[in-house]
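Let me begin by presenting the structure, written as structure tokens, before commenting on it.
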Number of protein chains: 4
Amino acid sequence: MSKYQEIREAAYDANMQLPKLGLVLFTFGNVSAADRSAGVFAIKPSGVPYEDLSPQKMVIVDFLGKTVEGDLRPSSDTLTHAVLYKYWENIGGIVHTHSTYATAWAQSLRSIPIYGTTHADHNTVDIPCAPPMSDEMIRGNYEYETGFQIMNALKEKSLGYEEIEMILVGHHAPFTWGKTPEKAVYNSAVLESIAHMALLTEQINGNALRLPASMIKKHYDRKHGADSYYGQ
Amino acid sequence: MSKYQEIREAAYDANMQLPKLGLVLFTFGNVSAADRSAGVFAIKPSGVPYEDLSPQKMVIVDFLGKTVEGDLRPSSDTLTHAVLYKYWENIGGIVHTHSTYATAWAQSLRSIPIYGTTHADHNTVDIPCAPPMSDEMIRGNYEYETGFQIMNALKEKSLGYEEIEMILVGHHAPFTWGKTPEKAVYNSAVLESIAHMALLTEQINGNALRLPASMIKKHYDRKHGADSYYGQ
Amino acid sequence: MSKYQEIREAAYDANMQLPKLGLVLFTFGNVSAADRSAGVFAIKPSGVPYEDLSPQKMVIVDFLGKTVEGDLRPSSDTLTHAVLYKYWENIGGIVHTHSTYATAWAQSLRSIPIYGTTHADHNTVDIPCAPPMSDEMIRGNYEYETGFQIMNALKEKSLGYEEIEMILVGHHAPFTWGKTPEKAVYNSAVLESIAHMALLTEQINGNALRLPASMIKKHYDRKHGADSYYGQ
Amino acid sequence: MSKYQEIREAAYDANMQLPKLGLVLFTFGNVSAADRSAGVFAIKPSGVPYEDLSPQKMVIVDFLGKTVEGDLRPSSDTLTHAVLYKYWENIGGIVHTHSTYATAWAQSLRSIPIYGTTHADHNTVDIPCAPPMSDEMIRGNYEYETGFQIMNALKEKSLGYEEIEMILVGHHAPFTWGKTPEKAVYNSAVLESIAHMALLTEQINGNALRLPASMIKKHYDRKHGADSYYGQ
């Protein structure tokens, strides 16, 4: 048995959640699960349909993107995962999808305004949309640079990766992360729901207002603050 | 066996309807069931996924919000439920969800106009949106004040809680209620459907008209009047 | 066994298609099946959930709306069905739903423009929206008058009931019909699909054009003309 | 056993994917599978519901549209398939659906702008909408002319059928194709997803921008270029 069995199974379980939650069509998404002590992560193999996956088919890759174990090619987004694991020391899982509403916001090059408490239960700020990459970055090591584009977008807004666990990559689609792959998948589903409701909010009221600061603070604190008590 | 077995089961059954009706993502919702003679209600425990619920896991709380029986923490919205049970003597169930379309209207801070007979079969007026709470209320006992915000919004429109069994809380999401938890869940599903169709109505006709008074009266009376005969 | 067993089963089977096709929430819809030789029709009982229906629970009613057989109260829309059966001699089934998109068009008081071949495969004209009823009609025998409102709307547009088998009742919702209850249910599903696509068409192109006459004729003729050959 | 057993099964399997992927209502779609060496294709019989299909019910037709084997009438769109097989020598499967979002774009007479990487992973250009046919073509051999309308629309944009495997037929609905029927079905599902997200993108940002050329090239090359490595 692989010494990476635990992350193989964690990555497999988390990947299988994506079709169940309606977040992927065909193979348009992937989840990875990191083993920090071993300095590697397990990730979906490239182009394999979800119904054909198994823990054994997951590919083990190190934080430089080199395959360590596995016969299949890792997801083409592997280098983006690798970069984020390398620089963000406290995350254990990453998810990338092309879920319908979050992707539409990414294609629109707009951050998602914080219109309600569903949003505030998870984030205190608009969900950022990283700007399109420069031609140089695109023509270079594209997936690697995508990781830096994500990190730079957070830096520019003075946001830490533990403060906000989701982002849109302009013209492309969302990435989410978390302490565990399960949490990262949860974040992808939450993001899709927030993205859907934000569009509807603007359609119902063309002059919709962001949540007031007091409300943002209250909702975030009751879930994440020192005296958190949230849970519906 | 708990002497509250009946409301434990009623609350459990009603909570399990929420995912079936497509009204909740993860744990973003909760139902409670009241035992008026005992002065308590059973409510969903905080943060427990629907698939892990059981009647035994429901928490028994009194109308001041104090836990009477149960090992788990009650839903973080418990105080809102408690206030409404305390002041509205004839309700037996309350539901809170973040269902997509009703929540989008709440985020838009707009009441839902009465555009058709699906709406009029259940209400004679626009479904009210309670205004955002003051910073003072938010920073204070937030969930408790949410209950008062709901009651005040009805009072301001001279509506009784037996006349209209659903409301939007501005920036937040819907609450519904009824004589039984089943009826309250029914109301949540009806509200979501009305919310969806009202948005579409405005998209199809930017100058959509409210239902005329004669039609509102007819549809409401045939379902709820002295000589009611409605049932499709 | 009831001598109306055949229409009891036909009405039951057709009613059970409504939830399967996503056309009803709770009991917001009903189908009837006529026996022309006996001068009666079988219709869904009032307010009974679909999962509790059976052929035996259908109510047998004559074309004046009088119950002939059955212990339950017939659907509150029964008189509308009765009027249409009485005046339209060649129909064998009627369906009423509050399906989301068709109802939104009805609430918008707009006929559905003929934007594409999906529409033209079934109708040569815009799907008419009957205007709101007068206060007098509403306060009078409402469901009975709804039948006349439908017939008058077709008459005004010089359309025969065999030429177009679907209509929107303004402020209310759609009715469809056909030679059999199955065909009437088919028409309800087709109408919902056309209603959805017509809204999207206007959202994609604010100046969308109706189908040209030559195309309408071609598509209708290949399905319904003397030399019809259509079938995808 | 039919000597066309292989394409009978391929066509059957591919047709059965359409309802599973949510691309058809009733019989509003069809897939064909070609046997190049025999100069024929298997296609769905006309008007037969998906649940009643079997490999044996597929109809074998030659590239002039003549039935070679089979008791049922082939789909009314058969001549369109035949023309495309005749002129496009490297395709092995064709799909026609009335899927909701792609059909709405076709009804809007607009090509689908390339707004994101989901689109660019599959095409380097806007997905073309063939203009409405002339009255002469419509009144003539309509389905046959539909094939030419598709080929001409690609020609006018200097696009090869191996470069782009999907098109909208104005006022009508989409057609897709590919080396195999499976690939053609895949393309239909991808097109529907792209069509949905493109509409949402325009709703979120009324001035949405097309993907820059560098990004289009990158995404297309990594999936289809000489050194392709794509697979999520």
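Scheme for the structure tokens: letters A, B, ... for chains in order shown; per-chain residue numbers from 1; ligand numbers from 1 in order shown.
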
Quick one: residues within 6 Å of range 178-193 of chain D, only C-alpha atoms, excluding same-chain residues fewer than 6 positions away - as a list in words? Ala14, Ala33, Ile91, Gly92, Gly93, Ile94, Val95, Tyr101 and Ala102 of chain D

Now that the selection is made, can you save its residues with N, CA and C atoms as a PDB file, in the first residue's frame?
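File result.pdb, as written:
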ATOM      1  N   ALA D  14     -24.967   6.787 -27.844  1.00  0.00           N
ATOM      2  CA  ALA D  14     -24.816   8.239 -27.891  1.00  0.00           C
ATOM      3  C   ALA D  14     -26.169   8.934 -27.739  1.00  0.00           C
ATOM      4  N   ALA D  33     -24.286   7.957 -36.105  1.00  0.00           N
ATOM      5  CA  ALA D  33     -22.938   7.392 -36.061  1.00  0.00           C
ATOM      6  C   ALA D  33     -22.616   6.825 -37.440  1.00  0.00           C
ATOM      7  N   ILE D  91     -15.581  13.192 -40.230  1.00  0.00           N
ATOM      8  CA  ILE D  91     -16.425  13.134 -39.034  1.00  0.00           C
ATOM      9  C   ILE D  91     -17.123  11.787 -38.949  1.00  0.00           C
ATOM     10  N   GLY D  92     -17.322  11.336 -37.717  1.00  0.00           N
ATOM     11  CA  GLY D  92     -17.928  10.026 -37.479  1.00  0.00           C
ATOM     12  C   GLY D  92     -19.234  10.100 -36.710  1.00  0.00           C
ATOM     13  N   GLY D  93     -19.586  11.316 -36.235  1.00  0.00           N
ATOM     14  CA  GLY D  93     -20.835  11.457 -35.482  1.00  0.00           C
ATOM     15  C   GLY D  93     -21.373  12.871 -35.568  1.00  0.00           C
ATOM     16  N   ILE D  94     -22.698  12.997 -35.531  1.00  0.00           N
ATOM     17  CA  ILE D  94     -23.375  14.303 -35.577  1.00  0.00           C
ATOM     18  C   ILE D  94     -24.492  14.306 -34.537  1.00  0.00           C
ATOM     19  N   VAL D  95     -24.659  15.455 -33.864  1.00  0.00           N
ATOM     20  CA  VAL D  95     -25.736  15.594 -32.877  1.00  0.00           C
ATOM     21  C   VAL D  95     -26.538  16.853 -33.170  1.00  0.00           C
ATOM     22  N   TYR D 101     -30.132  26.721 -23.631  1.00  0.00           N
ATOM     23  CA  TYR D 101     -29.348  27.945 -23.789  1.00  0.00           C
ATOM     24  C   TYR D 101     -28.781  28.095 -25.199  1.00  0.00           C
ATOM     25  N   ALA D 102     -28.288  27.006 -25.781  1.00  0.00           N
ATOM     26  CA  ALA D 102     -27.763  27.085 -27.142  1.00  0.00           C
ATOM     27  C   ALA D 102     -28.882  27.472 -28.109  1.00  0.00           C
TER      28      ALA D 102
END

Wanna dump the chain C-chain B contacts at 10 Å for me, each residue with its shortest atom pair and the distance in Å to one decimal, counting only C-alpha atoms, ordered by chain and number, as CSV?
residue,atom,partner,partner_atom,distance
C:Leu25,CA,B:Val190,CA,8.0
C:Phe26,CA,B:Tyr186,CA,8.5
C:Thr27,CA,B:Gln232,CA,5.9
C:Phe28,CA,B:Gln232,CA,5.8
C:Gly29,CA,B:Gln232,CA,5.8
C:Asn30,CA,B:Gln232,CA,6.2
C:Val31,CA,B:Gln232,CA,9.7
C:Ile43,CA,B:Gln232,CA,10.0
C:Lys44,CA,B:Gln232,CA,7.7
C:Pro45,CA,B:Gln232,CA,7.5
C:Ser46,CA,B:Gly231,CA,4.3
C:Gly47,CA,B:Gly231,CA,4.2
C:Val48,CA,B:Gly231,CA,7.9
C:Pro49,CA,B:Gln232,CA,9.6
C:Arg73,CA,B:Gly231,CA,8.7
C:Pro74,CA,B:Gln232,CA,8.2
C:Ser75,CA,B:Gln232,CA,4.6
C:Ser76,CA,B:Tyr230,CA,5.1
C:Asp77,CA,B:Gln232,CA,6.4
C:Thr78,CA,B:Gln232,CA,8.7
C:His96,CA,B:Gln232,CA,9.0
C:Thr97,CA,B:Gln232,CA,9.2
C:His98,CA,B:Thr118,CA,7.3
C:Ser99,CA,B:Met197,CA,9.3
C:Thr100,CA,B:Met197,CA,6.1
C:Tyr101,CA,B:Met197,CA,7.3
C:Ala102,CA,B:Met197,CA,9.5
C:Thr103,CA,B:Met197,CA,7.3
C:Ala104,CA,B:Thr201,CA,4.8
C:Trp105,CA,B:Thr201,CA,6.4
C:Ala106,CA,B:Gly116,CA,8.2
C:Gln107,CA,B:Gly116,CA,5.4
C:Ser108,CA,B:Thr201,CA,5.3
C:Leu109,CA,B:Ala208,CA,7.8
C:Arg110,CA,B:Asn205,CA,7.7
C:Ile112,CA,B:Ile204,CA,9.8
C:Pro132,CA,B:Pro212,CA,8.9
C:Met133,CA,B:Met215,CA,8.6
C:Ser134,CA,B:Ser214,CA,8.8
C:Asp135,CA,B:Ser214,CA,5.9
C:Glu136,CA,B:Ser214,CA,8.8
C:Met137,CA,B:Ser214,CA,9.7
C:Ile138,CA,B:Met215,CA,6.4
C:Arg139,CA,B:Lys218,CA,6.8
C:Gly140,CA,B:Lys218,CA,9.5
C:Tyr142,CA,B:Lys218,CA,8.1
C:Gly170,CA,B:Gly116,CA,8.4
C:His171,CA,B:Gly116,CA,4.7
C:His172,CA,B:Thr117,CA,5.1
C:Ala173,CA,B:Thr117,CA,7.9
C:His196,CA,B:Leu200,CA,9.7
C:Ala198,CA,B:Ile204,CA,9.3
C:Leu199,CA,B:Ile204,CA,6.5
C:Leu200,CA,B:Ile204,CA,9.6
C:Glu202,CA,B:Ile204,CA,8.3
C:Gln203,CA,B:Gln203,CA,8.4

d(CA of Pro113 in chain D, CA of Ser158 in chain D) in Å: 16.9 Å

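Listed by chain and then by rising number, the residues of range 65-224 of chain C that DSSP assigns to strand (DSSP E or B) from the backbone are C:Thr67, C:Val68, C:Glu69, C:Pro74, C:Gly93, C:Ile94, C:Val95, C:His96, C:Thr97, C:Ile112, C:Ile127, C:Cys129, C:Ala130, C:Met166, C:Ile167, C:Leu168, C:Val169, C:Pro174, C:Phe175, C:Thr176, C:Trp177, C:Gly178.
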
Prev. selection, C-alpha atoms, output as a JSON list (two decimals), in the first residue's frame:
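What ended up in again.json:
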[["chain", "number", "residue", "atom", "x", "y", "z"],
["C", 67, "THR", "CA", -69.88, 15.21, -9.54],
["C", 68, "VAL", "CA", -71.13, 11.86, -10.86],
["C", 69, "GLU", "CA", -68.92, 9.48, -8.91],
["C", 74, "PRO", "CA", -62.87, 17.62, -7.39],
["C", 93, "GLY", "CA", -57.69, 15.92, -21.96],
["C", 94, "ILE", "CA", -56.97, 19.25, -20.21],
["C", 95, "VAL", "CA", -54.01, 20.29, -18.06],
["C", 96, "HIS", "CA", -53.58, 23.26, -15.74],
["C", 97, "THR", "CA", -50.24, 23.97, -14.04],
["C", 112, "ILE", "CA", -45.09, 34.45, -26.10],
["C", 127, "ILE", "CA", -48.94, 31.65, -27.71],
["C", 129, "CYS", "CA", -52.22, 35.43, -23.21],
["C", 130, "ALA", "CA", -55.89, 35.88, -22.36],
["C", 166, "MET", "CA", -52.14, 26.01, -25.22],
["C", 167, "ILE", "CA", -52.91, 29.39, -23.68],
["C", 168, "LEU", "CA", -51.83, 31.66, -20.84],
["C", 169, "VAL", "CA", -54.52, 33.11, -18.60],
["C", 174, "PRO", "CA", -51.26, 28.21, -18.38],
["C", 175, "PHE", "CA", -53.91, 25.78, -19.58],
["C", 176, "THR", "CA", -53.23, 23.20, -22.29],
["C", 177, "TRP", "CA", -55.39, 20.56, -23.94],
["C", 178, "GLY", "CA", -55.37, 17.88, -26.60]]

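Atom pair CA of Gly70 in chain A / CA of Gln17 in chain A: separated by 22.0 Å.
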
DSSP alpha helix (DSSP H) residues within range 5-208 of chain A, as a PyMOL selection string: chain A and resi 5-20+78-87+100-107+117-120+135-139+142-156+181-204
